[in-house]
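Trainee: Just so it is clear, I am handing over protein-v5.cif, which has mmCIF, C-alpha atoms.
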data_run
#
loop_
_atom_site.label_atom_id
_atom_site.label_comp_id
_atom_site.auth_asym_id
_atom_site.auth_seq_id
_atom_site.Cartn_x
_atom_site.Cartn_y
_atom_site.Cartn_z
CA MET A 1 -9.64 38.76 0.90
CA ASN A 2 -6.67 40.92 0.12
CA MET A 3 -3.79 41.74 2.39
CA SER A 4 -5.37 44.55 4.38
CA GLU A 5 -8.49 42.51 5.02
CA LEU A 6 -6.36 39.64 6.24
CA LEU A 7 -4.59 42.02 8.62
CA THR A 8 -7.97 43.36 9.77
CA ALA A 9 -9.30 39.87 10.37
CA PHE A 10 -6.19 38.94 12.35
CA LEU A 11 -6.48 42.06 14.50
CA LEU A 12 -10.19 41.48 15.11
CA ILE A 13 -9.66 37.89 16.18
CA VAL A 14 -6.75 38.78 18.46
CA GLY A 15 -8.68 41.71 19.94
CA SER A 16 -11.85 39.76 20.62
CA GLY A 17 -9.76 36.95 22.08
CA PHE A 18 -8.15 39.33 24.53
CA CYS A 19 -11.59 40.75 25.39
CA MET A 20 -12.77 37.20 26.09
CA ILE A 21 -9.75 36.66 28.35
CA ALA A 22 -10.63 39.86 30.18
CA GLY A 23 -14.22 38.71 30.66
CA ILE A 24 -13.12 35.32 31.97
CA GLY A 25 -10.63 37.01 34.27
CA VAL A 26 -13.23 39.36 35.70
CA LEU A 27 -15.53 36.41 36.27
CA ARG A 28 -13.04 33.91 37.69
CA MET A 29 -10.39 35.86 39.60
CA PRO A 30 -10.72 35.52 43.38
CA ASP A 31 -10.03 39.06 44.46
CA LEU A 32 -10.94 42.62 43.50
CA PHE A 33 -7.38 43.65 42.68
CA THR A 34 -6.64 40.63 40.51
CA ARG A 35 -9.95 41.16 38.75
CA MET A 36 -8.94 44.73 38.14
CA GLN A 37 -5.65 43.55 36.65
CA ALA A 38 -7.47 41.32 34.15
CA SER A 39 -9.89 44.10 33.29
CA ALA A 40 -7.34 46.86 32.85
CA LYS A 41 -4.64 44.99 30.95
CA ALA A 42 -6.44 42.46 28.78
CA GLY A 43 -9.49 44.64 28.16
CA THR A 44 -7.46 47.64 27.06
CA LEU A 45 -5.25 45.53 24.80
CA GLY A 46 -8.23 43.79 23.21
CA VAL A 47 -10.14 46.97 22.46
CA GLY A 48 -6.92 48.58 21.22
CA CYS A 49 -6.40 45.71 18.75
CA ILE A 50 -9.99 46.04 17.50
CA VAL A 51 -9.64 49.79 16.96
CA LEU A 52 -6.36 49.21 15.12
CA GLY A 53 -8.24 46.75 12.92
CA VAL A 54 -10.69 49.52 12.03
CA ALA A 55 -7.80 51.74 10.99
CA THR A 56 -6.29 49.05 8.76
CA ASN A 57 -9.68 48.24 7.21
CA PHE A 58 -10.71 51.68 6.01
CA GLN A 59 -7.24 53.00 5.05
CA ASP A 60 -8.35 56.59 5.35
CA LEU A 61 -6.57 59.41 7.12
CA LYS A 62 -9.68 60.60 8.93
CA VAL A 63 -10.49 57.13 10.19
CA ALA A 64 -6.89 56.58 11.24
CA ALA A 65 -6.94 59.86 13.18
CA GLU A 66 -10.13 58.88 14.98
CA ALA A 67 -8.78 55.42 15.72
CA SER A 68 -5.56 56.82 17.16
CA LEU A 69 -7.69 59.22 19.23
CA ILE A 70 -9.66 56.29 20.68
CA ILE A 71 -6.46 54.35 21.41
CA ALA A 72 -4.88 57.39 23.05
CA PHE A 73 -7.93 57.98 25.24
CA LEU A 74 -8.15 54.34 26.26
CA PHE A 75 -4.46 53.94 27.01
CA LEU A 76 -4.30 57.22 28.91
CA THR A 77 -7.43 56.85 30.99
CA ALA A 78 -7.45 53.11 31.78
CA PRO A 79 -4.47 53.18 34.20
CA ILE A 80 -5.77 56.33 35.89
CA ALA A 81 -9.25 54.87 36.31
CA SER A 82 -7.80 51.61 37.66
CA HIS A 83 -5.66 53.51 40.12
CA LEU A 84 -8.63 55.56 41.34
CA ILE A 85 -10.84 52.49 41.80
CA ALA A 86 -8.09 50.49 43.50
CA ARG A 87 -7.37 53.33 45.89
CA ALA A 88 -11.04 53.81 46.70
CA ALA A 89 -11.53 50.06 47.14
CA TYR A 90 -8.56 49.82 49.47
CA PHE A 91 -10.32 52.20 51.82
CA ALA A 92 -13.84 51.00 51.26
CA VAL A 93 -13.75 47.21 51.24
CA ASP A 94 -13.70 45.48 54.59
CA THR A 95 -10.31 44.07 55.50
CA LYS A 96 -11.59 40.67 56.57
CA ASN A 97 -13.42 40.05 53.32
CA ARG A 98 -10.54 41.12 51.15
CA ARG A 99 -8.50 37.89 51.20
CA LEU A 100 -5.19 39.43 50.19
CA GLU A 101 -2.07 37.32 50.12
CA CYS A 102 0.07 40.20 51.24
CA ASP A 103 -0.89 43.77 52.08
CA GLU A 104 2.17 45.92 51.84
CA LEU A 105 0.20 49.09 52.29
CA ALA A 106 -1.10 48.09 55.72
CA GLY A 107 -0.61 50.95 58.12
CA CYS A 108 0.96 53.24 55.55
CA TYR A 109 -2.12 55.31 54.79
CA ASP A 110 -3.14 58.18 56.98
CA PRO A 111 -6.75 57.32 57.82
CA GLU A 112 -7.79 60.95 58.06
CA THR A 113 -6.25 62.56 55.02
CA HIS A 114 -5.73 59.44 52.85
CA THR A 115 -2.15 60.37 52.11
CA LEU A 116 0.45 57.67 51.69
CA ALA A 117 3.66 57.48 53.68
CA SER A 118 6.59 55.37 52.61
CA GLU A 119 7.06 53.87 56.03
CA ARG A 120 5.10 53.43 59.18
CA PRO A 121 5.58 56.19 61.76
CA LYS A 122 7.33 55.15 64.94
CA ASP A 123 4.58 56.08 67.36
CA GLY A 124 2.02 54.14 65.37
CA VAL A 125 -0.32 57.03 64.85
CA TRP A 126 -0.99 56.08 61.26
CA ILE A 127 -2.38 52.62 61.87
CA ARG A 128 -5.35 52.11 59.61
CA ARG A 129 -8.51 52.30 61.62
CA ASP A 130 -11.29 49.81 61.04
CA VAL A 131 -13.54 51.01 58.30
CA PRO A 132 -17.20 50.21 58.81
CA GLU A 133 -18.67 47.44 56.71
CA ILE A 134 -20.54 48.74 53.73
CA ASP A 135 -23.76 47.14 52.63
CA ASP A 136 -24.16 47.08 48.91
CA MET B 137 -26.57 65.60 1.73
CA ILE B 138 -23.36 63.70 1.24
CA LEU B 139 -23.45 60.25 2.72
CA ALA B 140 -20.43 58.95 4.54
CA LYS B 141 -18.15 56.89 2.36
CA SER B 142 -19.23 53.28 2.55
CA LEU B 143 -16.72 50.48 2.17
CA MET B 144 -18.42 47.14 2.43
CA PRO B 145 -16.09 44.32 3.48
CA SER B 146 -15.87 41.00 1.70
CA ASP B 147 -17.81 37.95 2.81
CA GLY B 148 -14.88 36.45 4.69
CA LEU B 149 -14.32 39.61 6.69
CA GLN B 150 -18.02 39.84 7.44
CA LEU B 151 -17.91 36.30 8.83
CA ILE B 152 -14.91 37.25 10.97
CA CYS B 153 -16.79 40.34 12.19
CA SER B 154 -19.76 38.21 13.19
CA ILE B 155 -17.51 35.78 15.06
CA ALA B 156 -15.77 38.64 16.86
CA LEU B 157 -19.14 40.14 17.83
CA ILE B 158 -20.31 36.79 19.20
CA VAL B 159 -17.12 36.43 21.25
CA LEU B 160 -17.54 39.97 22.56
CA GLY B 161 -21.15 39.18 23.44
CA ILE B 162 -20.11 36.15 25.48
CA ALA B 163 -17.52 38.27 27.28
CA MET B 164 -20.24 40.86 27.95
CA PHE B 165 -22.44 38.17 29.50
CA LEU B 166 -19.61 37.10 31.82
CA THR B 167 -19.09 40.72 32.84
CA VAL B 168 -22.80 41.28 33.46
CA TYR B 169 -22.79 38.21 35.68
CA ARG B 170 -20.01 39.80 37.70
CA ILE B 171 -21.98 43.05 37.92
CA LEU B 172 -25.01 41.20 39.26
CA ARG B 173 -23.03 39.03 41.65
CA GLY B 174 -20.03 41.19 42.64
CA PRO B 175 -19.60 41.13 46.41
CA SER B 176 -18.80 44.79 46.81
CA LEU B 177 -19.44 48.03 45.00
CA PRO B 178 -15.89 48.42 43.56
CA ASP B 179 -16.25 44.99 41.91
CA ARG B 180 -19.34 46.20 40.15
CA VAL B 181 -17.65 49.42 39.08
CA VAL B 182 -14.71 47.50 37.60
CA ALA B 183 -17.08 45.19 35.72
CA LEU B 184 -19.12 48.15 34.46
CA ASP B 185 -15.93 49.79 33.22
CA LEU B 186 -15.00 46.64 31.33
CA LEU B 187 -18.51 46.44 29.88
CA ALA B 188 -18.12 49.95 28.47
CA TYR B 189 -14.78 48.89 26.94
CA PHE B 190 -16.51 45.98 25.26
CA ALA B 191 -19.23 48.27 23.97
CA THR B 192 -16.56 50.50 22.43
CA GLY B 193 -15.02 47.49 20.71
CA ALA B 194 -18.42 46.30 19.51
CA ILE B 195 -19.14 49.70 17.95
CA CYS B 196 -15.82 49.51 16.10
CA ILE B 197 -16.64 46.02 14.78
CA TYR B 198 -20.04 47.32 13.63
CA ALA B 199 -18.26 50.12 11.78
CA ILE B 200 -16.22 47.53 9.87
CA GLN B 201 -19.16 45.23 9.21
CA PHE B 202 -21.47 47.88 7.80
CA GLY B 203 -18.70 49.88 6.16
CA ARG B 204 -19.63 53.05 8.00
CA SER B 205 -16.61 54.89 9.26
CA SER B 206 -18.83 57.59 10.79
CA LEU B 207 -19.77 55.21 13.61
CA LEU B 208 -16.29 55.72 15.05
CA ILE B 209 -17.33 59.08 16.51
CA VAL B 210 -19.56 57.17 18.92
CA ALA B 211 -16.58 55.13 20.06
CA VAL B 212 -14.53 58.29 20.61
CA VAL B 213 -17.26 59.80 22.78
CA MET B 214 -17.69 56.53 24.68
CA ALA B 215 -13.96 56.29 25.42
CA LEU B 216 -14.16 59.79 26.89
CA ILE B 217 -17.35 59.38 28.94
CA LEU B 218 -16.24 56.02 30.38
CA PHE B 219 -13.36 57.57 32.28
CA LEU B 220 -15.55 60.26 33.83
CA GLY B 221 -18.02 57.70 35.13
CA THR B 222 -15.30 55.58 36.72
CA ALA B 223 -13.63 58.61 38.28
CA ALA B 224 -16.93 59.79 39.77
CA PHE B 225 -17.65 56.32 41.19
CA ALA B 226 -14.16 56.16 42.72
CA TYR B 227 -14.58 59.61 44.28
CA TYR B 228 -17.86 58.76 45.93
CA ILE B 229 -16.73 55.30 47.07
CA GLU B 230 -13.76 56.88 48.80
CA LYS B 231 -15.97 59.59 50.31
CA ARG B 232 -18.45 57.06 51.62
CA ALA B 233 -15.77 54.86 53.13
CA ASN B 234 -14.32 57.69 55.14
CA PRO B 235 -16.60 60.71 55.38
#
Using structure tokens, write down the structure that the file contains.

Mentor:
Amino acid sequence: MNMSELLTAFLLIVGSGFCMIAGIGVLRMPDLFTRMQASAKAGTLGVGCIVLGVATNFQDLKVAAEASLIIAFLFLTAPIASHLIARAAYFAVDTKNRRLECDELAGCYDPETHTLASERPKDGVWIRRDVPEIDD
Amino acid sequence: MILAKSLMPSDGLQLICSIALIVLGIAMFLTVYRILRGPSLPDRVVALDLLAYFATGAICIYAIQFGRSSLLIVAVVMALILFLGTAAFAYYIEKRANP
């Protein structure tokens, strides 16, 4: 194994290790939002390392361009997708089953329009109404 | 027809590729367990998202192991499609929670 293959092997092992951490985190974390943290951070980093390993293995400009395209797509879309799912889950999942340590967004969302206010209104109009339990 | 340039890795790198694929497979099994068990629909969507990430990584490892750089196109398309699926799921979950 020459130098570039050693670098590729290192990146593959680190990447698959991070993917394993992401899988364990998704399995073992107690809560949806902590699970999402494991998925978004460790999963993105692991797959990014693997794709970087592809670029160092082939040493070709076309392959490097495709690899940087994959990394750009992953790193641009993963935070947006996580934000969308977390926002949807905050409205959808029943409050009693959520088991959050602290909910700083409680009462800050308008239940009708789903817009976020920085502080609770004085008359208490924006208290989050009880969402119906969803069977899945 | 011109075949894509093939660059077969050495035996050591092929062993590393196999190990990485096995580790990714175990991680995929853990994620599938979460998809089957997940208490709510957003849990399942998060796990499905992660499964698609792992599939992208597995395609990249295959590209190294078989020396086919043309397999990377599949990973590019997968990285694009994955976001659309998650966004659509999030849209409909939010719609269903508060119609």

Trainee: Distance limit 7 Å, atoms considered: all atoms listed in the file. Which chain A residues sit that close to chain B? Return them as a PyMOL selection string.

Mentor: chain A and resi 1+5+9+12-13+16+19-20+23-24+26-27+32+36+39+43+47+50-51+54+63+66+70+73-74+77+81+84-85+88-89+91-92+131+136

Trainee: Would you mind exporting C-alpha atoms of the selected residues as an mmCIF file, in the frame of the given file?

Mentor:
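After the write, selection_0.cif holds the following:
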data_model
loop_
_atom_site.group_PDB
_atom_site.id
_atom_site.type_symbol
_atom_site.label_atom_id
_atom_site.label_comp_id
_atom_site.auth_asym_id
_atom_site.auth_seq_id
_atom_site.Cartn_x
_atom_site.Cartn_y
_atom_site.Cartn_z
ATOM 1 C CA MET A 1 -9.640 38.760 0.900
ATOM 2 C CA GLU A 5 -8.490 42.510 5.020
ATOM 3 C CA ALA A 9 -9.300 39.870 10.370
ATOM 4 C CA LEU A 12 -10.190 41.480 15.110
ATOM 5 C CA ILE A 13 -9.660 37.890 16.180
ATOM 6 C CA SER A 16 -11.850 39.760 20.620
ATOM 7 C CA CYS A 19 -11.590 40.750 25.390
ATOM 8 C CA MET A 20 -12.770 37.200 26.090
ATOM 9 C CA GLY A 23 -14.220 38.710 30.660
ATOM 10 C CA ILE A 24 -13.120 35.320 31.970
ATOM 11 C CA VAL A 26 -13.230 39.360 35.700
ATOM 12 C CA LEU A 27 -15.530 36.410 36.270
ATOM 13 C CA LEU A 32 -10.940 42.620 43.500
ATOM 14 C CA MET A 36 -8.940 44.730 38.140
ATOM 15 C CA SER A 39 -9.890 44.100 33.290
ATOM 16 C CA GLY A 43 -9.490 44.640 28.160
ATOM 17 C CA VAL A 47 -10.140 46.970 22.460
ATOM 18 C CA ILE A 50 -9.990 46.040 17.500
ATOM 19 C CA VAL A 51 -9.640 49.790 16.960
ATOM 20 C CA VAL A 54 -10.690 49.520 12.030
ATOM 21 C CA VAL A 63 -10.490 57.130 10.190
ATOM 22 C CA GLU A 66 -10.130 58.880 14.980
ATOM 23 C CA ILE A 70 -9.660 56.290 20.680
ATOM 24 C CA PHE A 73 -7.930 57.980 25.240
ATOM 25 C CA LEU A 74 -8.150 54.340 26.260
ATOM 26 C CA THR A 77 -7.430 56.850 30.990
ATOM 27 C CA ALA A 81 -9.250 54.870 36.310
ATOM 28 C CA LEU A 84 -8.630 55.560 41.340
ATOM 29 C CA ILE A 85 -10.840 52.490 41.800
ATOM 30 C CA ALA A 88 -11.040 53.810 46.700
ATOM 31 C CA ALA A 89 -11.530 50.060 47.140
ATOM 32 C CA PHE A 91 -10.320 52.200 51.820
ATOM 33 C CA ALA A 92 -13.840 51.000 51.260
ATOM 34 C CA VAL A 131 -13.540 51.010 58.300
ATOM 35 C CA ASP A 136 -24.160 47.080 48.910
#

Trainee: Just to confirm, what's the straight-line distance from atom CA of A:Cys49 to atom CA of A:Ala67 in Å (one decimal)?

Mentor: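 Answer for the atom CA of A:Cys49 to atom CA of A:Ala67 separation: 10.4 Å.
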
Trainee: Grab the atom CA of A:Gly25 to atom CA of A:His83 distance for me, in Å with one decimal place.

Mentor: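 Computed distance, atom CA of A:Gly25 to atom CA of A:His83, equals 18.2 Å.
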
Trainee: Please, what distance in Å, to one decimal, runs between atom CA of A:Asn57 and atom CA of B:Leu184?

Mentor: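 About the pair atom CA of A:Asn57 and atom CA of B:Leu184: they are 28.8 Å apart.
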
Trainee: With 6 Å of padding per side, what axis-aligned box (centre and edge lengths, Å, one decimal) covers all the listed atoms of stretch 70-87 of chain A? Give it as JSON.

Mentor:
{"center_x": -7.6, "center_y": 54.2, "center_z": 33.3, "size_x": 18.5, "size_y": 19.5, "size_z": 37.2}
